[in-house]
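What follows is one structure encoded as structure tokens, with my remarks underneath.
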Amino acid sequence: MRALIVEDDADLQRQLKDVLDHAGYAVDTADDGEDGWFMGDTEPYDAVVLDLGLPRLDGVSVLERWRQAGRDFPVLILTARDRWSEKVAGFDAGADDYLTKPFHPEELLARLRALTRRAAGHASSTLEMGDLSLDTRGARVFVGGQLVKLTSHEFRILSYMMHHCDRVISRTELVEHIYDQDFDRDSNTIEVFVGRLRKKIGPERIETVRGLGYRLTDPVEAGTDAKTG
Ligand code: CA
């Protein structure tokens with residue numbers, strides 16, 4: 001999953017980036033409203049943290065522009081003071097949640113995870129497909145109850161696929177959602193990561209759909225289908 005942080009306070013921005021990095025997100029950052037607006041307008045983020053008090057373009061205007069342009073990613077706004085009018089303006093502009101500074105980074109992380117899940121249509125914090133499960137709180141993956149060790153890129157790919165397990169996902173889409181902006185993106189490396197993932201979770205769980213991409217499958221269910229069909 002890929003997140004954008006728009007925050008002009010350098011310390012807070014770094015702190016939030018560390019927390020999200022650690023939680024398995026690919027993270028981009030912007031220091032002002034103009035840059036933040038542009039990045040959100042051109043990149044497909046899975047979640048956005050948006051400070052409202054920003055230089056060059058204020059957060060409410062950034063959010064209004066995104067929503068008017070049909071950018072529907074979940075947005076959590078940060079308000080500097082506990083001012084109800086600021087929160088109302090933020091929600092009216094299309095915010096999904098808010099936090100008032102100062103806050104604990106773990107709370108931001110928990111709220112962002114919930115937003116990301118709900119945007120993908122999941123209510124529970126554990127995503128499951130057959131005996132494959134992904135605990136979004138601990139960023140851990142289990143097969144048949146056994147913990148599977150994944151690298152950060154492997155985890156991001158699996159997490160994105162588990163969030164969108166109802167459809168085929170192209171390599172391009174994976175590239176856009178697992179790398180941050182500064183990463184040297186190469187869709188060929190996706191095949192390498194998927195190959196490693198298959199070795200770790202079982203090759204039958206990631207199906208290659210020729211010309212389209214990949215789809216997660218539950219081998220037990222697929223087996224039943226084959227027998228009955
Ligand atoms: Ca600010």
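Chains: A, B, ... in order of the structure tokens. Residues: from 1 per chain. Ligands: from 1, in order shown.
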Can you list, as a PyMOL selection string, every residue of chain A that DSSP puts in alpha helix (DSSP H)? chain A and resi 10-22+33-42+59-68+84-93+105-119+152-163+171-178+187-201+219-228
Determine, for each residue of segment 131-172 of chain A having at least one atom at most 12 Å from an atom of segment 42-59 of chain A, the closest pair of atoms and their separation in Å to one decimal, counting only C-alpha atoms; order by chain and ascending number, as JSON lines.
```
{"residue": "A:Arg156", "atom": "CA", "partner": "A:Asp46", "partner_atom": "CA", "distance": 11.7}
{"residue": "A:Ser159", "atom": "CA", "partner": "A:Asp46", "partner_atom": "CA", "distance": 11.5}
{"residue": "A:Tyr160", "atom": "CA", "partner": "A:Asp46", "partner_atom": "CA", "distance": 9.3}
{"residue": "A:His163", "atom": "CA", "partner": "A:Asp46", "partner_atom": "CA", "distance": 10.4}
{"residue": "A:His164", "atom": "CA", "partner": "A:Asp46", "partner_atom": "CA", "distance": 11.5}
{"residue": "A:Thr172", "atom": "CA", "partner": "A:Pro44", "partner_atom": "CA", "distance": 11.3}
```
Would you put the residues from that selection into a file with all heavy atoms, as a PDB file, in the first residue's frame?
```pdb
ATOM      1  N   ARG A 156       4.352  -5.716   0.894  1.00  0.00           N
ATOM      2  CA  ARG A 156       3.525  -4.705   0.229  1.00  0.00           C
ATOM      3  C   ARG A 156       2.712  -5.317  -0.911  1.00  0.00           C
ATOM      4  O   ARG A 156       1.542  -4.989  -1.102  1.00  0.00           O
ATOM      5  CB  ARG A 156       4.391  -3.582  -0.330  1.00  0.00           C
ATOM      6  CG  ARG A 156       4.860  -2.610   0.735  1.00  0.00           C
ATOM      7  CD  ARG A 156       5.714  -1.542   0.102  1.00  0.00           C
ATOM      8  NE  ARG A 156       6.541  -0.878   1.075  1.00  0.00           N
ATOM      9  CZ  ARG A 156       7.571  -0.099   0.757  1.00  0.00           C
ATOM     10  NH1 ARG A 156       7.875   0.089  -0.512  1.00  0.00           N
ATOM     11  NH2 ARG A 156       8.281   0.475   1.695  1.00  0.00           N
ATOM     12  N   SER A 159       0.040  -7.534   0.657  1.00  0.00           N
ATOM     13  CA  SER A 159      -0.958  -6.695   1.321  1.00  0.00           C
ATOM     14  C   SER A 159      -1.872  -6.043   0.290  1.00  0.00           C
ATOM     15  O   SER A 159      -3.100  -6.043   0.440  1.00  0.00           O
ATOM     16  CB  SER A 159      -0.246  -5.624   2.160  1.00  0.00           C
ATOM     17  OG  SER A 159      -1.180  -4.750   2.732  1.00  0.00           O
ATOM     18  N   TYR A 160      -1.299  -5.525  -0.785  1.00  0.00           N
ATOM     19  CA  TYR A 160      -2.129  -4.894  -1.817  1.00  0.00           C
ATOM     20  C   TYR A 160      -3.066  -5.923  -2.449  1.00  0.00           C
ATOM     21  O   TYR A 160      -4.254  -5.665  -2.658  1.00  0.00           O
ATOM     22  CB  TYR A 160      -1.263  -4.222  -2.893  1.00  0.00           C
ATOM     23  CG  TYR A 160      -2.096  -3.375  -3.815  1.00  0.00           C
ATOM     24  CD1 TYR A 160      -2.521  -2.110  -3.427  1.00  0.00           C
ATOM     25  CD2 TYR A 160      -2.514  -3.864  -5.052  1.00  0.00           C
ATOM     26  CE1 TYR A 160      -3.338  -1.341  -4.248  1.00  0.00           C
ATOM     27  CE2 TYR A 160      -3.329  -3.104  -5.871  1.00  0.00           C
ATOM     28  CZ  TYR A 160      -3.730  -1.848  -5.472  1.00  0.00           C
ATOM     29  OH  TYR A 160      -4.550  -1.085  -6.286  1.00  0.00           O
ATOM     30  N   HIS A 163      -5.859  -6.823  -0.034  1.00  0.00           N
ATOM     31  CA  HIS A 163      -6.857  -5.753   0.043  1.00  0.00           C
ATOM     32  C   HIS A 163      -7.774  -5.781  -1.185  1.00  0.00           C
ATOM     33  O   HIS A 163      -8.913  -5.342  -1.122  1.00  0.00           O
ATOM     34  CB  HIS A 163      -6.191  -4.372   0.156  1.00  0.00           C
ATOM     35  CG  HIS A 163      -5.797  -3.994   1.553  1.00  0.00           C
ATOM     36  ND1 HIS A 163      -4.636  -4.425   2.131  1.00  0.00           N
ATOM     37  CD2 HIS A 163      -6.428  -3.246   2.495  1.00  0.00           C
ATOM     38  CE1 HIS A 163      -4.561  -3.941   3.371  1.00  0.00           C
ATOM     39  NE2 HIS A 163      -5.633  -3.229   3.615  1.00  0.00           N
ATOM     40  N   HIS A 164      -7.253  -6.270  -2.309  1.00  0.00           N
ATOM     41  CA  HIS A 164      -8.035  -6.279  -3.549  1.00  0.00           C
ATOM     42  C   HIS A 164      -8.112  -7.699  -4.109  1.00  0.00           C
ATOM     43  O   HIS A 164      -7.825  -7.936  -5.283  1.00  0.00           O
ATOM     44  CB  HIS A 164      -7.393  -5.337  -4.579  1.00  0.00           C
ATOM     45  CG  HIS A 164      -7.260  -3.935  -4.078  1.00  0.00           C
ATOM     46  ND1 HIS A 164      -8.299  -3.032  -4.082  1.00  0.00           N
ATOM     47  CD2 HIS A 164      -6.219  -3.292  -3.479  1.00  0.00           C
ATOM     48  CE1 HIS A 164      -7.900  -1.893  -3.539  1.00  0.00           C
ATOM     49  NE2 HIS A 164      -6.644  -2.025  -3.163  1.00  0.00           N
ATOM     50  N   THR A 172       1.580  -3.150 -13.653  1.00  0.00           N
ATOM     51  CA  THR A 172       1.653  -1.688 -13.566  1.00  0.00           C
ATOM     52  C   THR A 172       0.989  -1.193 -12.287  1.00  0.00           C
ATOM     53  O   THR A 172       1.523  -0.328 -11.593  1.00  0.00           O
ATOM     54  CB  THR A 172       0.926  -1.049 -14.774  1.00  0.00           C
ATOM     55  OG1 THR A 172       1.388  -1.700 -15.950  1.00  0.00           O
ATOM     56  CG2 THR A 172       1.181   0.426 -14.859  1.00  0.00           C
TER      57      THR A 172
END
```
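By chain and then residue number, the residues within 6 Å of segment 121-133 of chain A are A:Arg117, A:Val141, A:Phe142, A:Val143, A:Gly144, A:Asp218, counting only C-alpha atoms and disregarding those fewer than 4 positions away in sequence.
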Could you list, as a PDB file with all heavy atoms, in the first residue's frame, every residue within 12 Å of Asp97 of chain A, counting only C-alpha atoms and ignoring same-chain residues fewer than 6 positions away?
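Just written: part.pdb:
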```pdb
ATOM      1  N   ALA A  47      -3.785   5.868   0.711  1.00  0.00           N
ATOM      2  CA  ALA A  47      -4.176   6.668   1.868  1.00  0.00           C
ATOM      3  C   ALA A  47      -3.348   7.943   1.889  1.00  0.00           C
ATOM      4  O   ALA A  47      -2.194   7.954   1.447  1.00  0.00           O
ATOM      5  CB  ALA A  47      -3.953   5.896   3.157  1.00  0.00           C
ATOM      6  N   VAL A  48      -3.958   9.036   2.407  1.00  0.00           N
ATOM      7  CA  VAL A  48      -3.265  10.328   2.458  1.00  0.00           C
ATOM      8  C   VAL A  48      -3.427  10.950   3.845  1.00  0.00           C
ATOM      9  O   VAL A  48      -4.519  10.929   4.420  1.00  0.00           O
ATOM     10  CB  VAL A  48      -3.823  11.306   1.387  1.00  0.00           C
ATOM     11  CG1 VAL A  48      -3.211  12.688   1.549  1.00  0.00           C
ATOM     12  CG2 VAL A  48      -3.561  10.769  -0.012  1.00  0.00           C
ATOM     13  N   VAL A  49      -2.310  11.467   4.386  1.00  0.00           N
ATOM     14  CA  VAL A  49      -2.345  12.268   5.613  1.00  0.00           C
ATOM     15  C   VAL A  49      -2.121  13.714   5.193  1.00  0.00           C
ATOM     16  O   VAL A  49      -1.107  14.022   4.568  1.00  0.00           O
ATOM     17  CB  VAL A  49      -1.236  11.835   6.595  1.00  0.00           C
ATOM     18  CG1 VAL A  49      -1.282  12.702   7.855  1.00  0.00           C
ATOM     19  CG2 VAL A  49      -1.365  10.356   6.943  1.00  0.00           C
ATOM     20  N   LEU A  50      -3.081  14.587   5.509  1.00  0.00           N
ATOM     21  CA  LEU A  50      -3.040  15.964   5.013  1.00  0.00           C
ATOM     22  C   LEU A  50      -3.162  16.952   6.168  1.00  0.00           C
ATOM     23  O   LEU A  50      -4.194  17.023   6.826  1.00  0.00           O
ATOM     24  CB  LEU A  50      -4.195  16.168   4.015  1.00  0.00           C
ATOM     25  CG  LEU A  50      -4.396  17.564   3.440  1.00  0.00           C
ATOM     26  CD1 LEU A  50      -3.248  17.948   2.510  1.00  0.00           C
ATOM     27  CD2 LEU A  50      -5.734  17.637   2.689  1.00  0.00           C
ATOM     28  N   ASP A  51      -2.089  17.700   6.386  1.00  0.00           N
ATOM     29  CA  ASP A  51      -2.141  18.792   7.361  1.00  0.00           C
ATOM     30  C   ASP A  51      -3.002  19.909   6.763  1.00  0.00           C
ATOM     31  O   ASP A  51      -2.973  20.133   5.550  1.00  0.00           O
ATOM     32  CB  ASP A  51      -0.702  19.294   7.617  1.00  0.00           C
ATOM     33  CG  ASP A  51      -0.666  20.363   8.695  1.00  0.00           C
ATOM     34  OD1 ASP A  51      -1.547  20.354   9.579  1.00  0.00           O
ATOM     35  OD2 ASP A  51       0.252  21.205   8.649  1.00  0.00           O
ATOM     36  N   PRO A  74      -8.739   7.577   0.569  1.00  0.00           N
ATOM     37  CA  PRO A  74      -9.073   8.043   1.915  1.00  0.00           C
ATOM     38  C   PRO A  74      -8.089   9.099   2.412  1.00  0.00           C
ATOM     39  O   PRO A  74      -6.876   8.957   2.230  1.00  0.00           O
ATOM     40  CB  PRO A  74      -8.995   6.784   2.776  1.00  0.00           C
ATOM     41  CG  PRO A  74      -8.400   5.724   1.947  1.00  0.00           C
ATOM     42  CD  PRO A  74      -8.385   6.161   0.522  1.00  0.00           C
ATOM     43  N   VAL A  75      -8.619  10.158   3.022  1.00  0.00           N
ATOM     44  CA  VAL A  75      -7.786  11.256   3.509  1.00  0.00           C
ATOM     45  C   VAL A  75      -8.034  11.495   4.994  1.00  0.00           C
ATOM     46  O   VAL A  75      -9.174  11.670   5.429  1.00  0.00           O
ATOM     47  CB  VAL A  75      -8.072  12.558   2.729  1.00  0.00           C
ATOM     48  CG1 VAL A  75      -7.298  13.739   3.335  1.00  0.00           C
ATOM     49  CG2 VAL A  75      -7.702  12.406   1.254  1.00  0.00           C
ATOM     50  N   LEU A  76      -6.950  11.476   5.760  1.00  0.00           N
ATOM     51  CA  LEU A  76      -7.009  11.829   7.176  1.00  0.00           C
ATOM     52  C   LEU A  76      -6.388  13.206   7.341  1.00  0.00           C
ATOM     53  O   LEU A  76      -5.252  13.431   6.917  1.00  0.00           O
ATOM     54  CB  LEU A  76      -6.226  10.792   8.001  1.00  0.00           C
ATOM     55  CG  LEU A  76      -6.259  10.944   9.525  1.00  0.00           C
ATOM     56  CD1 LEU A  76      -6.134   9.569  10.176  1.00  0.00           C
ATOM     57  CD2 LEU A  76      -5.154  11.852  10.043  1.00  0.00           C
ATOM     58  N   ILE A  77      -7.149  14.146   7.905  1.00  0.00           N
ATOM     59  CA  ILE A  77      -6.624  15.509   8.048  1.00  0.00           C
ATOM     60  C   ILE A  77      -6.036  15.721   9.444  1.00  0.00           C
ATOM     61  O   ILE A  77      -6.479  15.108  10.423  1.00  0.00           O
ATOM     62  CB  ILE A  77      -7.714  16.582   7.762  1.00  0.00           C
ATOM     63  CG1 ILE A  77      -8.954  16.342   8.624  1.00  0.00           C
ATOM     64  CG2 ILE A  77      -8.058  16.634   6.283  1.00  0.00           C
ATOM     65  CD1 ILE A  77      -9.981  17.464   8.538  1.00  0.00           C
ATOM     66  N   LEU A  78      -5.019  16.581   9.505  1.00  0.00           N
ATOM     67  CA  LEU A  78      -4.395  16.961  10.774  1.00  0.00           C
ATOM     68  C   LEU A  78      -4.750  18.411  11.051  1.00  0.00           C
ATOM     69  O   LEU A  78      -4.553  19.277  10.191  1.00  0.00           O
ATOM     70  CB  LEU A  78      -2.870  16.814  10.686  1.00  0.00           C
ATOM     71  CG  LEU A  78      -2.334  15.435  10.295  1.00  0.00           C
ATOM     72  CD1 LEU A  78      -0.810  15.469  10.204  1.00  0.00           C
ATOM     73  CD2 LEU A  78      -2.785  14.372  11.287  1.00  0.00           C
ATOM     74  N   THR A  79      -5.300  18.663  12.233  1.00  0.00           N
ATOM     75  CA  THR A  79      -5.611  20.045  12.597  1.00  0.00           C
ATOM     76  C   THR A  79      -4.694  20.470  13.730  1.00  0.00           C
ATOM     77  O   THR A  79      -4.412  19.702  14.637  1.00  0.00           O
ATOM     78  CB  THR A  79      -7.085  20.201  13.021  1.00  0.00           C
ATOM     79  OG1 THR A  79      -7.325  19.385  14.163  1.00  0.00           O
ATOM     80  CG2 THR A  79      -8.020  19.773  11.910  1.00  0.00           C
ATOM     81  N   LYS A  87     -12.317  21.464  11.520  1.00  0.00           N
ATOM     82  CA  LYS A  87     -12.693  20.071  11.256  1.00  0.00           C
ATOM     83  C   LYS A  87     -13.909  20.005  10.348  1.00  0.00           C
ATOM     84  O   LYS A  87     -13.960  19.197   9.418  1.00  0.00           O
ATOM     85  CB  LYS A  87     -13.025  19.357  12.568  1.00  0.00           C
ATOM     86  CG  LYS A  87     -11.797  19.014  13.367  1.00  0.00           C
ATOM     87  CD  LYS A  87     -12.212  18.409  14.691  1.00  0.00           C
ATOM     88  CE  LYS A  87     -11.233  18.793  15.775  1.00  0.00           C
ATOM     89  NZ  LYS A  87     -11.843  18.768  17.096  1.00  0.00           N
ATOM     90  N   VAL A  88     -14.890  20.873  10.608  1.00  0.00           N
ATOM     91  CA  VAL A  88     -16.099  20.879   9.784  1.00  0.00           C
ATOM     92  C   VAL A  88     -15.735  21.199   8.338  1.00  0.00           C
ATOM     93  O   VAL A  88     -16.173  20.523   7.402  1.00  0.00           O
ATOM     94  CB  VAL A  88     -17.132  21.905  10.324  1.00  0.00           C
ATOM     95  CG1 VAL A  88     -18.278  22.089   9.331  1.00  0.00           C
ATOM     96  CG2 VAL A  88     -17.669  21.450  11.669  1.00  0.00           C
ATOM     97  N   GLY A  90     -12.920  20.687   6.906  1.00  0.00           N
ATOM     98  CA  GLY A  90     -12.195  19.533   6.379  1.00  0.00           C
ATOM     99  C   GLY A  90     -13.141  18.420   5.944  1.00  0.00           C
ATOM    100  O   GLY A  90     -13.018  17.860   4.857  1.00  0.00           O
ATOM    101  N   PHE A  91     -14.108  18.106   6.801  1.00  0.00           N
ATOM    102  CA  PHE A  91     -15.068  17.048   6.454  1.00  0.00           C
ATOM    103  C   PHE A  91     -15.921  17.456   5.258  1.00  0.00           C
ATOM    104  O   PHE A  91     -16.192  16.646   4.371  1.00  0.00           O
ATOM    105  CB  PHE A  91     -15.955  16.688   7.652  1.00  0.00           C
ATOM    106  CG  PHE A  91     -15.292  15.732   8.601  1.00  0.00           C
ATOM    107  CD1 PHE A  91     -14.933  16.110   9.884  1.00  0.00           C
ATOM    108  CD2 PHE A  91     -15.007  14.421   8.198  1.00  0.00           C
ATOM    109  CE1 PHE A  91     -14.312  15.226  10.753  1.00  0.00           C
ATOM    110  CE2 PHE A  91     -14.386  13.524   9.058  1.00  0.00           C
ATOM    111  CZ  PHE A  91     -14.044  13.931  10.344  1.00  0.00           C
ATOM    112  N   GLU A 107      -1.661   6.106  16.963  1.00  0.00           N
ATOM    113  CA  GLU A 107      -3.083   6.329  16.724  1.00  0.00           C
ATOM    114  C   GLU A 107      -3.314   6.693  15.264  1.00  0.00           C
ATOM    115  O   GLU A 107      -4.262   6.229  14.632  1.00  0.00           O
ATOM    116  CB  GLU A 107      -3.644   7.436  17.633  1.00  0.00           C
ATOM    117  CG  GLU A 107      -5.135   7.595  17.402  1.00  0.00           C
ATOM    118  CD  GLU A 107      -5.816   8.639  18.279  1.00  0.00           C
ATOM    119  OE1 GLU A 107      -5.146   9.243  19.136  1.00  0.00           O
ATOM    120  OE2 GLU A 107      -7.023   8.837  18.078  1.00  0.00           O
ATOM    121  N   LEU A 108      -2.421   7.516  14.722  1.00  0.00           N
ATOM    122  CA  LEU A 108      -2.547   7.853  13.303  1.00  0.00           C
ATOM    123  C   LEU A 108      -2.466   6.592  12.454  1.00  0.00           C
ATOM    124  O   LEU A 108      -3.255   6.386  11.533  1.00  0.00           O
ATOM    125  CB  LEU A 108      -1.445   8.832  12.892  1.00  0.00           C
ATOM    126  CG  LEU A 108      -1.504   9.206  11.409  1.00  0.00           C
ATOM    127  CD1 LEU A 108      -1.480  10.705  11.214  1.00  0.00           C
ATOM    128  CD2 LEU A 108      -0.372   8.559  10.633  1.00  0.00           C
ATOM    129  N   ALA A 110      -3.163   3.464  13.285  1.00  0.00           N
ATOM    130  CA  ALA A 110      -4.373   2.643  13.446  1.00  0.00           C
ATOM    131  C   ALA A 110      -5.523   3.213  12.620  1.00  0.00           C
ATOM    132  O   ALA A 110      -6.256   2.486  11.949  1.00  0.00           O
ATOM    133  CB  ALA A 110      -4.764   2.567  14.914  1.00  0.00           C
ATOM    134  N   ARG A 111      -5.679   4.543  12.643  1.00  0.00           N
ATOM    135  CA  ARG A 111      -6.764   5.168  11.887  1.00  0.00           C
ATOM    136  C   ARG A 111      -6.542   5.012  10.383  1.00  0.00           C
ATOM    137  O   ARG A 111      -7.474   4.757   9.624  1.00  0.00           O
ATOM    138  CB  ARG A 111      -6.861   6.656  12.236  1.00  0.00           C
ATOM    139  CG  ARG A 111      -7.468   6.886  13.599  1.00  0.00           C
ATOM    140  CD  ARG A 111      -7.424   8.350  13.979  1.00  0.00           C
ATOM    141  NE  ARG A 111      -7.989   8.551  15.296  1.00  0.00           N
ATOM    142  CZ  ARG A 111      -9.289   8.792  15.520  1.00  0.00           C
ATOM    143  NH1 ARG A 111     -10.120   8.876  14.512  1.00  0.00           N
ATOM    144  NH2 ARG A 111      -9.730   8.951  16.743  1.00  0.00           N
ATOM    145  N   LEU A 112      -5.278   5.152   9.960  1.00  0.00           N
ATOM    146  CA  LEU A 112      -4.961   5.035   8.541  1.00  0.00           C
ATOM    147  C   LEU A 112      -5.202   3.608   8.035  1.00  0.00           C
ATOM    148  O   LEU A 112      -5.727   3.401   6.943  1.00  0.00           O
ATOM    149  CB  LEU A 112      -3.501   5.436   8.317  1.00  0.00           C
ATOM    150  CG  LEU A 112      -3.210   6.138   7.002  1.00  0.00           C
ATOM    151  CD1 LEU A 112      -4.013   7.416   6.873  1.00  0.00           C
ATOM    152  CD2 LEU A 112      -1.730   6.441   6.888  1.00  0.00           C
ATOM    153  N   ARG A 113      -4.834   2.632   8.859  1.00  0.00           N
ATOM    154  CA  ARG A 113      -5.084   1.225   8.488  1.00  0.00           C
ATOM    155  C   ARG A 113      -6.572   0.978   8.321  1.00  0.00           C
ATOM    156  O   ARG A 113      -6.995   0.321   7.372  1.00  0.00           O
ATOM    157  CB  ARG A 113      -4.542   0.293   9.585  1.00  0.00           C
ATOM    158  CG  ARG A 113      -3.071  -0.019   9.460  1.00  0.00           C
ATOM    159  CD  ARG A 113      -2.716  -1.203  10.325  1.00  0.00           C
ATOM    160  NE  ARG A 113      -3.039  -1.001  11.720  1.00  0.00           N
ATOM    161  CZ  ARG A 113      -2.150  -0.720  12.673  1.00  0.00           C
ATOM    162  NH1 ARG A 113      -0.874  -0.621  12.362  1.00  0.00           N
ATOM    163  NH2 ARG A 113      -2.527  -0.563  13.910  1.00  0.00           N
ATOM    164  N   ALA A 114      -7.361   1.507   9.256  1.00  0.00           N
ATOM    165  CA  ALA A 114      -8.811   1.315   9.185  1.00  0.00           C
ATOM    166  C   ALA A 114      -9.371   1.960   7.913  1.00  0.00           C
ATOM    167  O   ALA A 114     -10.194   1.375   7.213  1.00  0.00           O
ATOM    168  CB  ALA A 114      -9.481   1.893  10.425  1.00  0.00           C
ATOM    169  N   LEU A 115      -8.895   3.166   7.590  1.00  0.00           N
ATOM    170  CA  LEU A 115      -9.360   3.868   6.386  1.00  0.00           C
ATOM    171  C   LEU A 115      -9.005   3.080   5.128  1.00  0.00           C
ATOM    172  O   LEU A 115      -9.824   2.930   4.220  1.00  0.00           O
ATOM    173  CB  LEU A 115      -8.724   5.264   6.304  1.00  0.00           C
ATOM    174  CG  LEU A 115      -9.222   6.335   7.267  1.00  0.00           C
ATOM    175  CD1 LEU A 115      -8.438   7.626   7.035  1.00  0.00           C
ATOM    176  CD2 LEU A 115     -10.706   6.583   7.073  1.00  0.00           C
ATOM    177  N   THR A 116      -7.757   2.589   5.086  1.00  0.00           N
ATOM    178  CA  THR A 116      -7.283   1.849   3.921  1.00  0.00           C
ATOM    179  C   THR A 116      -8.111   0.576   3.717  1.00  0.00           C
ATOM    180  O   THR A 116      -8.498   0.235   2.608  1.00  0.00           O
ATOM    181  CB  THR A 116      -5.799   1.467   4.093  1.00  0.00           C
ATOM    182  OG1 THR A 116      -5.089   2.584   4.613  1.00  0.00           O
ATOM    183  CG2 THR A 116      -5.170   1.047   2.791  1.00  0.00           C
TER     184      THR A 116
END
```
Could you write out, as a ChimeraX atom specification, all the residues of segment 15-144 of chain A that DSSP marks as strand (DSSP E)? /A:26-30,47-51,75-79,97-100,126-129,132-135,140-143
Show me, as an NGL selection string, the residues that have an atom within 10 Å of Gly36 of chain A when counting only C-alpha atoms, minus same-chain residues fewer than 2 positions from it. :A and (4-7 or 28-34 or 38-41 or 48 or 50 or 54 or 57 or 59 or 62-63)
Quick one: everything within 9 Å of Arg65 of chain A, counting only C-alpha atoms, minus sequence neighbours fewer than 5 positions away in the same chain. Send it as a list in words. Trp37, Asp41, Val60, Gly70, Arg71 and Ala93 of chain A
Expected file contents, prior selection, N, CA and C atoms, as a compact mmCIF listing (two decimals), in the first residue's frame:
```
# COMPACT_ATOMS: atom_id res chain seq x y z
N TRP A 37 -0.83 18.74 -3.47
CA TRP A 37 -1.95 18.62 -4.40
C TRP A 37 -1.52 17.92 -5.69
N ASP A 41 -2.79 14.39 -7.18
CA ASP A 41 -3.53 14.47 -8.43
C ASP A 41 -2.96 13.55 -9.49
N VAL A 60 -7.49 22.50 3.15
CA VAL A 60 -8.90 22.37 2.74
C VAL A 60 -9.02 22.56 1.22
N GLY A 70 -12.25 14.06 -8.70
CA GLY A 70 -12.60 12.65 -8.61
C GLY A 70 -11.57 11.77 -7.93
N ARG A 71 -10.59 12.39 -7.26
CA ARG A 71 -9.60 11.58 -6.53
C ARG A 71 -10.26 11.13 -5.23
N ALA A 93 -15.03 19.28 2.90
CA ALA A 93 -14.19 19.22 1.70
C ALA A 93 -13.94 17.78 1.26
```
